[in-house]
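Presented below is the structure to which this report refers.
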Amino acid sequence: MNKNISSLYEIAQKETRKIIGLMSGTSLDGLDIALCAISGAGENTAVKILEFETINYTEDIKTEIRKVFAQKTIDFQHLALLNEWIGLLHAGLVNDCLQKWNIPASEVDLIASHGQTVLHAPKFLHQQEKFPNATLQIGDGDHIAVKTGIITLSDFRQKHVAAGGEGAPLAVYGDYLLFSQKGENRIMLNMGGIANFTYLPASLNAEEVFVTDTGTANTLIDIFTKHFFPEKSYDKDAEIAQSGTVNQTLLTELKNDSFFTKSFPKTIGQELFNKGFVNSALSKTKLENISAPDLLATLTRLSAETIAEAIQFVVKNTGTPIAEFKVYMSGGGTNNPLLVKWLKELLPCKFQTSDDLGILSDAKEAVLFALLANETVAGGVYNFGNSKVPSVTMGKISFPD
């Protein structure tokens, strides 16, 4: 037997596996690195975060990614070069963290790498009949495995697409296995660049689980913060937005986009929610001279209202009063006090963060990819009985030699 296959078999038999989850989102903030101890599998999964760190991307890294990110026309050579470069970059950051944590690579069983999304193209967006849903993440897993010496699972989203999904949101798998609680209806709300949520029924019935993107969370806020204030990458503590006033005319025009009336579930990215999306609305409403505070206030309100309306729609279909739901927030949007304030006003239910469930809100997505790797190696296929949530194991396996 090949020694790598033998190693994988031994890892699968372990009572507890040490798995590093890597997440780099569409906000391009940086790389989340979560070292997890994961025992069991399926509904018996238990996760403990041993170490966690976010490594911020330099402006140079962001610039290189933006050359291909969410664009139809690119330098193809640059994309190919980036695929290798991002893999090596992420591997180097993992090695740096292991050295800092004083943990030898030999003690880590697996790396689970989400990669860097550069294009998300569900069929409703690209509208080319002969082509299927598509998504592309770069940061080659083989490069990570070779440079770290650790078996690596990557490219998780392709199996989801191959099985009929849109490649997102994948959080549903980890949310269901890790956070379901009998007797409590939960909404696991993640607010990164894009907002998405998983509905976890109090019945624990997997067939009732629901997941969808809702639209923009931080993406447009971040884009226009940087547009007006080049030295800032985001509106820290919503300081700028809180000094502004929501422009209702502009908000109505932004919400008129057909994405918001498209049936659930759905997925999206910066392919739609970009500077051009907002500039078009500004032109139609003749508000090109709107102040930075008013625009950021309006964009923050857009995120709040579209998230709340999506959750209200799903909750209404369950027949359970919204007051009986708990919303557990995670992602960068959790740190936006204005966004959170408006969500609480719009949704009359209880709000907490994933921290209250034992998982740091900033680390949640990285942890969930570690969990997906654990399922691929030591778990099985959990049947959701729902064509919108494909029952599949995910992740391509790369060996270090």
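Chain labels run A, B, ... following the order of the structure tokens; each chain numbers its residues from 1, and ligands are numbered from 1 in the order shown.
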TODO: Pull the helix (DSSP H, G or I) assignments for range 150-389 of chain A out of DSSP run on the backbone, and list those residues as a PyMOL selection string.
DONE: chain A and resi 157-162+171-179+206-208+219-228+236-238+241-243+248-255+258-261+275-284+292-318+322-324+332-335+337-346+354-357+364-378
Open item on the list: Using only C-alpha atoms, which protein or nucleic acid residues come within 12 Å of Glu15 in chain A? Drop anything in the same chain fewer than 4 positions from it, and give the result as a PyMOL selection string.
Closed with: chain A and resi 10-11+37-41+44-46+374+378
List as JSON lines every residue of range 63-148 of chain A that is in contact with range 18-35 of chain A, defined as an atom at most 9 Å from one of its atoms (using only C-alpha atoms), together with the nearest atom pair and the distance in Å rounded to one decimal, sorted by chain and then rising number.
```
{"residue": "A:Ile65", "atom": "CA", "partner": "A:Leu28", "partner_atom": "CA", "distance": 8.3}
{"residue": "A:Arg66", "atom": "CA", "partner": "A:Leu28", "partner_atom": "CA", "distance": 8.8}
{"residue": "A:Phe69", "atom": "CA", "partner": "A:Thr26", "partner_atom": "CA", "distance": 8.8}
{"residue": "A:His90", "atom": "CA", "partner": "A:Leu31", "partner_atom": "CA", "distance": 7.5}
{"residue": "A:Leu93", "atom": "CA", "partner": "A:Leu31", "partner_atom": "CA", "distance": 8.3}
{"residue": "A:Val94", "atom": "CA", "partner": "A:Ile33", "partner_atom": "CA", "distance": 7.3}
{"residue": "A:Cys97", "atom": "CA", "partner": "A:Ile33", "partner_atom": "CA", "distance": 8.2}
{"residue": "A:Glu107", "atom": "CA", "partner": "A:Lys18", "partner_atom": "CA", "distance": 7.4}
{"residue": "A:Val108", "atom": "CA", "partner": "A:Lys18", "partner_atom": "CA", "distance": 5.2}
{"residue": "A:Asp109", "atom": "CA", "partner": "A:Lys18", "partner_atom": "CA", "distance": 5.3}
{"residue": "A:Leu110", "atom": "CA", "partner": "A:Ile19", "partner_atom": "CA", "distance": 4.8}
{"residue": "A:Ile111", "atom": "CA", "partner": "A:Ile20", "partner_atom": "CA", "distance": 4.7}
{"residue": "A:Ala112", "atom": "CA", "partner": "A:Gly21", "partner_atom": "CA", "distance": 4.8}
{"residue": "A:Ser113", "atom": "CA", "partner": "A:Leu22", "partner_atom": "CA", "distance": 4.7}
{"residue": "A:His114", "atom": "CA", "partner": "A:Met23", "partner_atom": "CA", "distance": 5.4}
{"residue": "A:Gly115", "atom": "CA", "partner": "A:Ser24", "partner_atom": "CA", "distance": 6.4}
{"residue": "A:Gln116", "atom": "CA", "partner": "A:Ser24", "partner_atom": "CA", "distance": 5.6}
{"residue": "A:Thr117", "atom": "CA", "partner": "A:Thr26", "partner_atom": "CA", "distance": 6.5}
{"residue": "A:Val118", "atom": "CA", "partner": "A:Thr26", "partner_atom": "CA", "distance": 8.1}
```
TODO: Extract, using only C-alpha atoms, all DNA, RNA and protein residues at most 10 Å from range 77-79 of chain A, discarding same-chain residues fewer than 3 positions from it, and format them as a PyMOL selection string.
DONE: chain A and resi 64-65+67-69+74+82-85+118+138
So that I have them on file, write out the residues from the current selection with N, CA and C atoms, as a tab-separated table (two decimals), in the first residue's frame.
```tsv
chain	number	residue	atom	x	y	z
A	64	GLU	N	-2.75	41.86	-6.24
A	64	GLU	CA	-2.57	40.75	-7.18
A	64	GLU	C	-3.86	39.95	-7.35
A	65	ILE	N	-4.59	39.71	-6.26
A	65	ILE	CA	-5.84	38.95	-6.34
A	65	ILE	C	-6.91	39.74	-7.08
A	67	LYS	N	-6.67	41.62	-9.50
A	67	LYS	CA	-6.47	41.62	-10.96
A	67	LYS	C	-7.34	40.57	-11.65
A	68	VAL	N	-7.75	39.54	-10.90
A	68	VAL	CA	-8.57	38.48	-11.50
A	68	VAL	C	-9.90	38.30	-10.76
A	69	PHE	N	-10.05	38.92	-9.61
A	69	PHE	CA	-11.19	38.65	-8.74
A	69	PHE	C	-12.50	39.19	-9.31
A	74	ILE	N	-9.65	38.65	-17.95
A	74	ILE	CA	-8.45	38.71	-17.13
A	74	ILE	C	-7.23	38.30	-17.95
A	82	LEU	N	-1.08	32.90	-10.09
A	82	LEU	CA	-1.68	33.12	-8.78
A	82	LEU	C	-2.07	31.81	-8.10
A	83	ASN	N	-2.55	30.85	-8.89
A	83	ASN	CA	-2.96	29.57	-8.32
A	83	ASN	C	-1.82	28.92	-7.54
A	84	GLU	N	-0.64	28.96	-8.11
A	84	GLU	CA	0.52	28.40	-7.43
A	84	GLU	C	0.98	29.32	-6.28
A	85	TRP	N	1.00	30.61	-6.57
A	85	TRP	CA	1.51	31.59	-5.61
A	85	TRP	C	0.68	31.62	-4.34
A	118	VAL	N	-12.06	33.34	-6.75
A	118	VAL	CA	-11.80	34.41	-7.72
A	118	VAL	C	-12.99	34.61	-8.66
A	138	ILE	N	-8.70	29.36	-6.04
A	138	ILE	CA	-7.30	29.09	-6.34
A	138	ILE	C	-6.49	29.00	-5.06
```
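Across the model, the gap from CA of Ala323 in chain A to CA of Lys350 in chain A is 7.2 Å.
Taking CA of Tyr328 in chain A as the reference point, CA of Arg301 in chain A is found at 19.5 Å.
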TODO: Could you find all residues in range 14-247 of chain A that DSSP calls strand (DSSP E or B) from the backbone, and write them as a VMD selection string?
DONE: chain A and resid 16 to 24 30 to 39 46 to 56 110 to 121 134 to 138 152 to 154 185 to 191 194 to 200 210 to 216
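If only C-alpha atoms are the atoms counted, then among A:Leu338, A:Ala363, A:Val161, A:Leu50 the closest residue to Ile240 in chain A is A:Leu338.
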Open item on the list: Ranking A:Gln71, A:Ser203, A:Thr135, A:Thr252 by minimum distance to Phe273 in chain A and counting only C-alpha atoms, which one comes first?
Closed with: A:Gln71
- [ ] Determine, counting only C-alpha atoms, which protein, DNA and RNA residues have an atom within 12 Å of an atom of Gly149 in chain A; residues of the same chain fewer than 2 positions away are not included. Present the result as a list of chain:residue names.
- [x] A:Asn4, A:Ala91, A:Gly92, A:Val94, A:Asn95, A:Pro104, A:Ala105, A:Ser106, A:Glu107, A:Val108, A:Asp109, A:Leu110, A:Ile111, A:Gly141, A:Asp142, A:His143, A:Ile144, A:Ala145, A:Val146, A:Lys147, A:Ile151, A:Thr152, A:Ser398, A:Phe399, A:Pro400, A:Asp401
Could you write out that same residue set with N, CA and C atoms as a JSON list (two decimals), in the first residue's frame?
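Once written, result27.json looks like this:
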```json
[["chain", "number", "residue", "atom", "x", "y", "z"],
["A", 4, "ASN", "N", 1.26, 7.04, 1.72],
["A", 4, "ASN", "CA", 0.33, 8.13, 1.97],
["A", 4, "ASN", "C", -1.09, 7.62, 2.22],
["A", 91, "ALA", "N", 0.68, 28.13, 2.46],
["A", 91, "ALA", "CA", 1.53, 27.13, 3.11],
["A", 91, "ALA", "C", 2.56, 27.82, 4.00],
["A", 92, "GLY", "N", 3.15, 28.90, 3.50],
["A", 92, "GLY", "CA", 4.13, 29.63, 4.29],
["A", 92, "GLY", "C", 3.53, 30.21, 5.56],
["A", 94, "VAL", "N", 0.96, 28.99, 7.18],
["A", 94, "VAL", "CA", 0.73, 27.85, 8.08],
["A", 94, "VAL", "C", 2.03, 27.49, 8.80],
["A", 95, "ASN", "N", 3.10, 27.41, 8.03],
["A", 95, "ASN", "CA", 4.41, 27.07, 8.64],
["A", 95, "ASN", "C", 4.81, 28.11, 9.69],
["A", 104, "PRO", "N", 5.20, 21.04, 15.92],
["A", 104, "PRO", "CA", 5.80, 20.47, 14.71],
["A", 104, "PRO", "C", 4.73, 20.02, 13.72],
["A", 105, "ALA", "N", 5.04, 20.12, 12.43],
["A", 105, "ALA", "CA", 4.08, 19.72, 11.39],
["A", 105, "ALA", "C", 3.68, 18.26, 11.54],
["A", 106, "SER", "N", 4.58, 17.45, 12.08],
["A", 106, "SER", "CA", 4.30, 16.01, 12.24],
["A", 106, "SER", "C", 3.14, 15.74, 13.19],
["A", 107, "GLU", "N", 2.79, 16.73, 14.02],
["A", 107, "GLU", "CA", 1.68, 16.56, 14.96],
["A", 107, "GLU", "C", 0.33, 16.95, 14.36],
["A", 108, "VAL", "N", 0.36, 17.49, 13.15],
["A", 108, "VAL", "CA", -0.88, 17.90, 12.48],
["A", 108, "VAL", "C", -1.25, 16.82, 11.47],
["A", 109, "ASP", "N", -2.49, 16.36, 11.54],
["A", 109, "ASP", "CA", -2.94, 15.27, 10.66],
["A", 109, "ASP", "C", -3.31, 15.76, 9.27],
["A", 110, "LEU", "N", -4.05, 16.87, 9.19],
["A", 110, "LEU", "CA", -4.58, 17.32, 7.91],
["A", 110, "LEU", "C", -4.64, 18.85, 7.88],
["A", 111, "ILE", "N", -4.61, 19.37, 6.65],
["A", 111, "ILE", "CA", -4.95, 20.77, 6.40],
["A", 111, "ILE", "C", -6.19, 20.77, 5.53],
["A", 141, "GLY", "N", -3.71, 22.91, -3.72],
["A", 141, "GLY", "CA", -3.53, 22.05, -2.56],
["A", 141, "GLY", "C", -2.24, 21.27, -2.57],
["A", 142, "ASP", "N", -1.76, 20.89, -3.74],
["A", 142, "ASP", "CA", -0.50, 20.14, -3.81],
["A", 142, "ASP", "C", 0.66, 21.00, -3.30],
["A", 143, "HIS", "N", 0.64, 22.27, -3.65],
["A", 143, "HIS", "CA", 1.70, 23.16, -3.16],
["A", 143, "HIS", "C", 1.67, 23.30, -1.64],
["A", 144, "ILE", "N", 0.47, 23.36, -1.08],
["A", 144, "ILE", "CA", 0.33, 23.44, 0.37],
["A", 144, "ILE", "C", 0.87, 22.17, 1.02],
["A", 145, "ALA", "N", 0.48, 21.02, 0.47],
["A", 145, "ALA", "CA", 0.91, 19.74, 1.04],
["A", 145, "ALA", "C", 2.42, 19.57, 0.99],
["A", 146, "VAL", "N", 3.01, 19.91, -0.15],
["A", 146, "VAL", "CA", 4.46, 19.73, -0.31],
["A", 146, "VAL", "C", 5.24, 20.68, 0.60],
["A", 147, "LYS", "N", 4.81, 21.94, 0.67],
["A", 147, "LYS", "CA", 5.58, 22.93, 1.44],
["A", 147, "LYS", "C", 5.42, 22.73, 2.95],
["A", 151, "ILE", "N", -0.74, 16.28, 4.75],
["A", 151, "ILE", "CA", -1.81, 15.92, 3.82],
["A", 151, "ILE", "C", -2.85, 17.03, 3.80],
["A", 152, "THR", "N", -3.23, 17.46, 2.59],
["A", 152, "THR", "CA", -4.10, 18.61, 2.43],
["A", 152, "THR", "C", -5.35, 18.27, 1.64],
["A", 398, "SER", "N", -4.49, 15.96, -1.40],
["A", 398, "SER", "CA", -3.12, 16.13, -1.91],
["A", 398, "SER", "C", -2.13, 15.58, -0.89],
["A", 399, "PHE", "N", -1.22, 14.73, -1.36],
["A", 399, "PHE", "CA", -0.20, 14.15, -0.48],
["A", 399, "PHE", "C", 1.09, 14.98, -0.56],
["A", 400, "PRO", "N", 1.87, 14.99, 0.51],
["A", 400, "PRO", "CA", 3.10, 15.81, 0.53],
["A", 400, "PRO", "C", 4.23, 15.26, -0.30],
["A", 401, "ASP", "N", 4.17, 13.98, -0.66],
["A", 401, "ASP", "CA", 5.23, 13.43, -1.53],
["A", 401, "ASP", "C", 4.69, 12.29, -2.36]]
```
Open item on the list: Which residue is closest to Val327 in chain A? Choose from A:Phe228, A:Trp342, A:Phe197, A:Trp101 and count only C-alpha atoms.
Closed with: A:Phe197
Open item on the list: Neighbouring residues of range 204-217 of chain A were defined as those with any atom within 9 Å, considering only C-alpha atoms; residues of the same chain fewer than 5 positions away were excluded. Please report them as an MDAnalysis selection string.
Closed with: chainID A and resid 168:172 176 180:183 190:199 259:260 264:270 273 299:300 302:304 306:311 314 318 332:333 339 382:386 388:389
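For the atom pair formed by CA of Glu345 in chain A and CA of Ser258 in chain A, the distance is 25.4 Å, given to one decimal.
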Open item on the list: Taking only C-alpha atoms into account, name the residue in A:Leu89, A:Lys123, A:Glu324, A:Arg186 that is nearest to Asp140 in chain A.
Closed with: A:Leu89
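Across A:Leu136, A:Ile187, A:Val47, A:Ile150, the tightest approach to Leu119 in chain A is made by A:Leu136 when counting only C-alpha atoms.
Among the candidates A:Glu51, A:Leu125, A:Gly379, A:Ile61, the one nearest to Asn102 in chain A when counting only C-alpha atoms is A:Glu51.
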- [ ] Might you pull out every residue within 10 Å of Gln248 in chain A, with only C-alpha atoms counted and same-chain residues fewer than 5 positions away left off, and present them as a VMD selection string?
- [x] chain A and resid 253 to 254 298 301
I need the chosen residues saved as a compact mmCIF listing (two decimals), in the first residue's frame, with all heavy atoms.
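Wrote again14.txt, looks like this:
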```
# COMPACT_ATOMS: atom_id res chain seq x y z
N GLU A 253 -33.81 51.82 -4.82
CA GLU A 253 -33.24 51.48 -6.13
C GLU A 253 -32.29 50.28 -6.01
O GLU A 253 -32.30 49.38 -6.86
CB GLU A 253 -32.51 52.68 -6.72
CG GLU A 253 -31.89 52.43 -8.09
CD GLU A 253 -32.89 52.01 -9.14
OE1 GLU A 253 -34.02 52.54 -9.14
OE2 GLU A 253 -32.55 51.13 -9.97
N LEU A 254 -31.46 50.25 -4.98
CA LEU A 254 -30.53 49.13 -4.78
C LEU A 254 -31.30 47.83 -4.58
O LEU A 254 -30.91 46.77 -5.11
CB LEU A 254 -29.64 49.41 -3.57
CG LEU A 254 -28.61 50.53 -3.72
CD1 LEU A 254 -28.02 50.90 -2.36
CD2 LEU A 254 -27.49 50.13 -4.68
N THR A 298 -26.47 54.04 3.98
CA THR A 298 -27.45 53.39 3.09
C THR A 298 -27.02 51.96 2.75
O THR A 298 -27.85 51.04 2.73
CB THR A 298 -27.63 54.22 1.81
OG1 THR A 298 -27.99 55.56 2.17
CG2 THR A 298 -28.70 53.62 0.92
N ARG A 301 -27.60 49.79 5.73
CA ARG A 301 -29.02 49.49 5.84
C ARG A 301 -29.45 48.46 4.80
O ARG A 301 -30.30 47.60 5.07
CB ARG A 301 -29.83 50.78 5.67
CG ARG A 301 -31.34 50.61 5.89
CD ARG A 301 -31.67 50.34 7.35
NE ARG A 301 -33.09 50.04 7.53
CZ ARG A 301 -33.67 49.90 8.72
NH1 ARG A 301 -32.96 50.06 9.83
NH2 ARG A 301 -34.95 49.62 8.81
```
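Summary of the local environment: counting only C-alpha atoms, residues at most 12 Å from Leu287 in chain A, other than itself and those fewer than 3 positions away along its chain, are Asn247, Gln248, Thr249, Leu250, Leu251, Glu253, Val278, Asn279, Ser280, Ala281, Leu282, Ser283, Lys284, Ile290, Ser291, Ala292, Asp294 and Leu295 of chain A.
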